[in-house]
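See structure below.
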Amino acid sequence: LVSIDEAIGVLSAAIEKAEIADETLFIFTADHGVYGKASCNEGGLRVPFVLRWPTGAAAGLRISALAAHVDIAPTLFDLASGGAASCRKSPLNLAAVLTQRASTLCFDGVSLRSSLVKGAREEERVLFAEIFSDRAVIHRHYKLISRTADPSRPLRHYGAASWRDPVQMYDLTSDVDEKRNLVSVARALPTSAIARVHKMLSQKLSNHLRKTRVRVAKG
């Protein structure tokens, strides 16, 4: 942490010295969380994302919408073009990009420009994640994880006992540490709202993974 702090300080000082701080969009993020690396649990997926842009984004602004690293590129492209370019999915023409003649690019993510510049609410979306034997889907504040590896194998990270379950579902609003697996609740109360959420997420994850022919743990 000390080395990271020092490196950010050096970079910030260089930007200030060059007198471009007000026009520079500074992003700090990471490739995984503070625990649970190499998993789809929150310790692996939830990462810091701090943005500083004096002339573009208001200080103290917090965005609660679901977002991922795949959103960085389309957001920067959208900001750099002043909103004149579209980030719709279409064939990518690298030559046009390099010659600044592109008005449309193909991205897996979405632009967060409206949230950063206008504080607008992003459209509801579904995020998928996968690493090693973990597959996950996140919708609103619920997450479903399918762990296809042998659950008896020692985990490479620390966490709640439920992390060994082949199928896991959590309410990330009330249980960000993922200590209460709601799959058991969904099974015990098949007509409950939790059961409906579990069914919906299971279908979304299965549909998403069908193309990759990945086995999804039953439950």
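Identifiers in the structure tokens: chain A, B, ... in order shown; residue index from 1 per chain; ligand index from 1 in order shown.
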Selection: 12 Å around stretch 172-183 of chain A, only C-alpha atoms, excl. self and same-chain fewer than 6 positions, as an MDAnalysis selection string: chainID A and resid 33:36 40:46 64 66 138:146 158:166 189:190 192:199 201:202 218:219
Might you pull out every residue within 12 Å of A:Ala59, with only C-alpha atoms counted and same-chain residues fewer than 3 positions away left off, and present them as a PDB file with C-alpha atoms, in the first residue's frame?
ATOM      1  CA  VAL A  50     -11.854   6.245  -7.910  1.00  0.00           C
ATOM      2  CA  LEU A  51     -11.968   8.880 -10.610  1.00  0.00           C
ATOM      3  CA  ARG A  52     -10.652  12.451 -10.496  1.00  0.00           C
ATOM      4  CA  TRP A  53     -11.644  14.845 -13.263  1.00  0.00           C
ATOM      5  CA  PRO A  54     -11.769  18.467 -12.029  1.00  0.00           C
ATOM      6  CA  THR A  55     -13.393  19.964 -15.114  1.00  0.00           C
ATOM      7  CA  GLY A  56     -15.714  17.083 -15.883  1.00  0.00           C
ATOM      8  CA  ARG A  62     -20.939   8.343  -6.159  1.00  0.00           C
ATOM      9  CA  ILE A  63     -22.308   6.000  -8.829  1.00  0.00           C
ATOM     10  CA  LEU A 116     -20.196  11.025 -14.612  1.00  0.00           C
ATOM     11  CA  VAL A 117     -21.156  14.230 -16.400  1.00  0.00           C
ATOM     12  CA  GLY A 119     -25.249  12.367 -12.536  1.00  0.00           C
TER      13      GLY A 119
END
Nearest to A:Val126, chosen from A:Ser3, A:Ala65, A:Gly9, A:Thr75, with only C-alpha atoms counted in the distances: A:Ala65
Secondary structure check, strand (DSSP E or B) residues of stretch 163-194 of chain A, as a PyMOL selection string: chain A and resi 167-171
Could you turn the residues from that selection into a file that holds all heavy atoms, as an mmCIF file, in the first residue's frame?
data_model
loop_
_atom_site.group_PDB
_atom_site.id
_atom_site.type_symbol
_atom_site.label_atom_id
_atom_site.label_comp_id
_atom_site.auth_asym_id
_atom_site.auth_seq_id
_atom_site.Cartn_x
_atom_site.Cartn_y
_atom_site.Cartn_z
ATOM 1 N N VAL A 167 -23.458 -24.028 -5.677
ATOM 2 C CA VAL A 167 -24.339 -22.951 -6.137
ATOM 3 C C VAL A 167 -24.577 -22.004 -4.972
ATOM 4 O O VAL A 167 -24.918 -22.433 -3.872
ATOM 5 C CB VAL A 167 -25.694 -23.491 -6.651
ATOM 6 C CG1 VAL A 167 -26.574 -22.333 -7.128
ATOM 7 C CG2 VAL A 167 -25.491 -24.492 -7.767
ATOM 8 N N GLN A 168 -24.393 -20.714 -5.238
ATOM 9 C CA GLN A 168 -24.529 -19.716 -4.184
ATOM 10 C C GLN A 168 -25.319 -18.514 -4.696
ATOM 11 O O GLN A 168 -25.163 -18.122 -5.852
ATOM 12 C CB GLN A 168 -23.148 -19.241 -3.721
ATOM 13 C CG GLN A 168 -22.206 -20.337 -3.292
ATOM 14 C CD GLN A 168 -20.765 -19.897 -3.288
ATOM 15 O OE1 GLN A 168 -20.448 -18.752 -2.941
ATOM 16 N NE2 GLN A 168 -19.851 -20.779 -3.684
ATOM 17 N N MET A 169 -26.145 -17.923 -3.829
ATOM 18 C CA MET A 169 -26.852 -16.699 -4.178
ATOM 19 C C MET A 169 -26.841 -15.780 -2.963
ATOM 20 O O MET A 169 -27.098 -16.227 -1.839
ATOM 21 C CB MET A 169 -28.293 -16.974 -4.602
ATOM 22 C CG MET A 169 -28.992 -15.717 -5.151
ATOM 23 S SD MET A 169 -30.655 -16.029 -5.785
ATOM 24 C CE MET A 169 -31.605 -15.998 -4.254
ATOM 25 N N TYR A 170 -26.538 -14.522 -3.204
ATOM 26 C CA TYR A 170 -26.422 -13.574 -2.107
ATOM 27 C C TYR A 170 -27.159 -12.272 -2.411
ATOM 28 O O TYR A 170 -27.266 -11.858 -3.570
ATOM 29 C CB TYR A 170 -24.949 -13.247 -1.833
ATOM 30 C CG TYR A 170 -24.106 -14.458 -1.511
ATOM 31 C CD1 TYR A 170 -23.264 -15.010 -2.473
ATOM 32 C CD2 TYR A 170 -24.156 -15.061 -0.258
ATOM 33 C CE1 TYR A 170 -22.486 -16.120 -2.191
ATOM 34 C CE2 TYR A 170 -23.384 -16.177 0.031
ATOM 35 C CZ TYR A 170 -22.550 -16.699 -0.937
ATOM 36 O OH TYR A 170 -21.788 -17.811 -0.667
ATOM 37 N N ASP A 171 -27.636 -11.638 -1.347
ATOM 38 C CA ASP A 171 -28.183 -10.291 -1.415
ATOM 39 C C ASP A 171 -27.048 -9.356 -1.040
ATOM 40 O O ASP A 171 -26.670 -9.259 0.131
ATOM 41 C CB ASP A 171 -29.359 -10.135 -0.437
ATOM 42 C CG ASP A 171 -29.991 -8.760 -0.494
ATOM 43 O OD1 ASP A 171 -29.335 -7.818 -0.983
ATOM 44 O OD2 ASP A 171 -31.139 -8.616 -0.038
#
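Across the model, the gap from atom CA of A:Gly109 to atom CA of A:Ala67 is 8.4 Å.
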